[in-house]
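The block underneath contains the structure these notes are about, expressed in structure tokens.
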Amino acid sequence: MATIYDVAQLAGVSPATVSRVFNGTSVSSEKAEAVRAAAKQLKFVPNRTARSLRRQSSEVIGLVIPDIENPYFTEMARGVEDVASEAGYSVVLCNSDSEIEKESTYLDIAVAEHMSGVIIATASEESSLEGILATGRPVVAVDRDTDYEIDSVIMANRAAGAAATRELIDAGYRRIAYIGGPAQIDTAAERADGWRDALTGAGRAIEADLLKFSTFRVDGGRAAMEELLALPEPPDAVVAGNNLIGVGAIQVLSEHELTPPKVGVAVIGSLPFTTLSPKAVTVVRLPARHMGVTAARMLLERIRGDVQPARTVVLRNELQAATPR
């Protein structure tokens, strides 16, 4: 049996456009004709009863995240699910892999399936929310802010980068590097700004070769750490911009027999796994579950008709210092 997605593929349009055609929403005559021709060819028949029920209340919200394998985002998803479930909503988890095209497809599906709203950690600064916002559905941004007038829940990223770096400075390290995710992602850039703030505040020079932007994954941390160790004068400490970068950096340091305290390590975000003692690494904990809880509550308020101006909630971090060397 043909689905709305089959029709969309054959007609060369998005699933949301197919939905608009059969719901009587205005679309261009060219697209409407293509959709009806594809539906006729595939013998697609809209389920009008189900569609009517979805119009009344979908009781489903979408959660779009960039990396389902990152425990930070799965912890956040748990917070979203706990709040949504208690309110009688189901959560559809979508993994964009930080790819705008995948992200856009999931947003189209959210519209086509009449989801009540979406919580999203955008793939990049070029992510577009215009289509889903045009439908009137509420959207809440998490982890990364956007240029749209929507609710958002973010971390105190600059403060986290500064706190991690200051801890290494206070521990006596001199050449402190920073490894972040992609420079165009505000979380990576803001944490790097915090690194700069702490160094400047301590009267240290900002050395360009000690700043590395990579991916937010283990392989990104490994590659950047190898580059840092290959410098004529390697760093004696490093700030990892997220949990998985921290894992990769520690792996490389272990392979070179440079584990803390030989080389100091501070990680922004809880380490999901490491063979080191928790006391060997400074950790700036990010309240990921609380982020999910807060975002879900804000979305549900919007679904219930909250009309106040867009809000931004900034969550505080918690420093867990390493044992002094």
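Letters for chains follow the order of the structure tokens (A, B, ...), residue numbers begin at 1 for each chain, and ligand numbers begin at 1 in the order shown.
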Handout entry: Secondary structure check, helix (DSSP H, G or I) residues of stretch 30-228 of chain A, as a ChimeraX atom specification
Key = /A:30-42,48-56,71-86,100-112,130-134,157-170,186-201,208-210,218-228
Between stretch 225-253 of chain A and stretch 184-194 of chain A, at 10 Å or less, what are the per-residue closest atom pairs and their distances in Å? Count only C-alpha atoms, order by chain and rising residue number, and return it as CSV.
residue,atom,partner,partner_atom,distance
A:Val239,CA,A:Ala192,CA,9.2
A:Ala240,CA,A:Arg191,CA,9.5
A:Gly241,CA,A:Ala188,CA,6.5
A:Asn242,CA,A:Ala188,CA,8.4
Exercise for the section: Quick one: everything within 10 Å of A:Thr312, counting only C-alpha atoms, minus sequence neighbours fewer than 6 positions away in the same chain. Send it as a PyMOL selection string. Expected result: chain A and resi 140-142+145+149-154
Can those selected residues be exported to a file as a short mmCIF file (atom, residue, chain, number, x, y, z; two decimals), in the first residue's frame so that it contains C-alpha atoms?
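Produced file again-v1.cif, reproduced below:
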data_model
loop_
_atom_site.label_atom_id
_atom_site.label_comp_id
_atom_site.auth_asym_id
_atom_site.auth_seq_id
_atom_site.Cartn_x
_atom_site.Cartn_y
_atom_site.Cartn_z
CA VAL A 140 11.67 24.99 21.21
CA ALA A 141 15.42 25.10 20.54
CA VAL A 142 17.76 23.22 22.87
CA ASP A 145 20.32 29.05 20.06
CA GLU A 149 11.85 34.21 17.83
CA ILE A 150 11.23 30.93 19.63
CA ASP A 151 11.76 29.56 23.11
CA SER A 152 15.20 28.12 23.78
CA VAL A 153 17.07 26.30 26.54
CA ILE A 154 20.84 26.55 26.39
#
Exercise for the section: For A:Ala156, please output as a ChimeraX atom specification all residues within 6 Å (counting only C-alpha atoms; exclusion window: fewer than 6 positions along the same chain). Expected result: /A:314-316
Exercise for the section: Within 6 Å of stretch 112-124 of chain A, counting only C-alpha atoms, which residues show up once you throw out same-chain ones fewer than 5 positions away? Write them as a ChimeraX atom specification, please. Expected result: /A:15-16,19,58,60-66,98-100,137-144
Selected residues written out, C-alpha atoms, as a PDB file, in the first residue's frame:
ATOM      1  CA  PRO A  15       5.676  14.939   2.567  1.00  0.00           C
ATOM      2  CA  ALA A  16       4.391  18.185   4.078  1.00  0.00           C
ATOM      3  CA  SER A  19      -0.310  16.631   3.306  1.00  0.00           C
ATOM      4  CA  SER A  58      -1.867  14.420  17.612  1.00  0.00           C
ATOM      5  CA  VAL A  60       2.885  13.521  19.585  1.00  0.00           C
ATOM      6  CA  ILE A  61       5.917  15.784  19.716  1.00  0.00           C
ATOM      7  CA  GLY A  62       9.114  15.494  17.696  1.00  0.00           C
ATOM      8  CA  LEU A  63      12.602  15.643  19.186  1.00  0.00           C
ATOM      9  CA  VAL A  64      15.343  16.301  16.604  1.00  0.00           C
ATOM     10  CA  ILE A  65      18.928  15.875  17.828  1.00  0.00           C
ATOM     11  CA  PRO A  66      22.261  15.824  15.962  1.00  0.00           C
ATOM     12  CA  SER A  98      24.146  17.156  12.006  1.00  0.00           C
ATOM     13  CA  GLU A  99      22.963  17.076   8.371  1.00  0.00           C
ATOM     14  CA  ILE A 100      20.642  19.873   7.291  1.00  0.00           C
ATOM     15  CA  ARG A 137       3.379  24.726  15.423  1.00  0.00           C
ATOM     16  CA  PRO A 138       5.470  25.622  18.466  1.00  0.00           C
ATOM     17  CA  VAL A 139       9.198  24.895  18.323  1.00  0.00           C
ATOM     18  CA  VAL A 140      11.672  24.986  21.206  1.00  0.00           C
ATOM     19  CA  ALA A 141      15.424  25.103  20.543  1.00  0.00           C
ATOM     20  CA  VAL A 142      17.762  23.219  22.872  1.00  0.00           C
ATOM     21  CA  ASP A 143      21.539  23.267  23.385  1.00  0.00           C
ATOM     22  CA  ARG A 144      21.999  25.689  20.476  1.00  0.00           C
TER      23      ARG A 144
END
Problem - All strand (DSSP E) positions in stretch 51-161 of chain A, as a count of residues only - result: 25
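With distances restricted to only C-alpha atoms, A:Ile169 is the closest residue to A:Thr200 from A:Ile169, A:Val293, A:Val91, A:Leu300.
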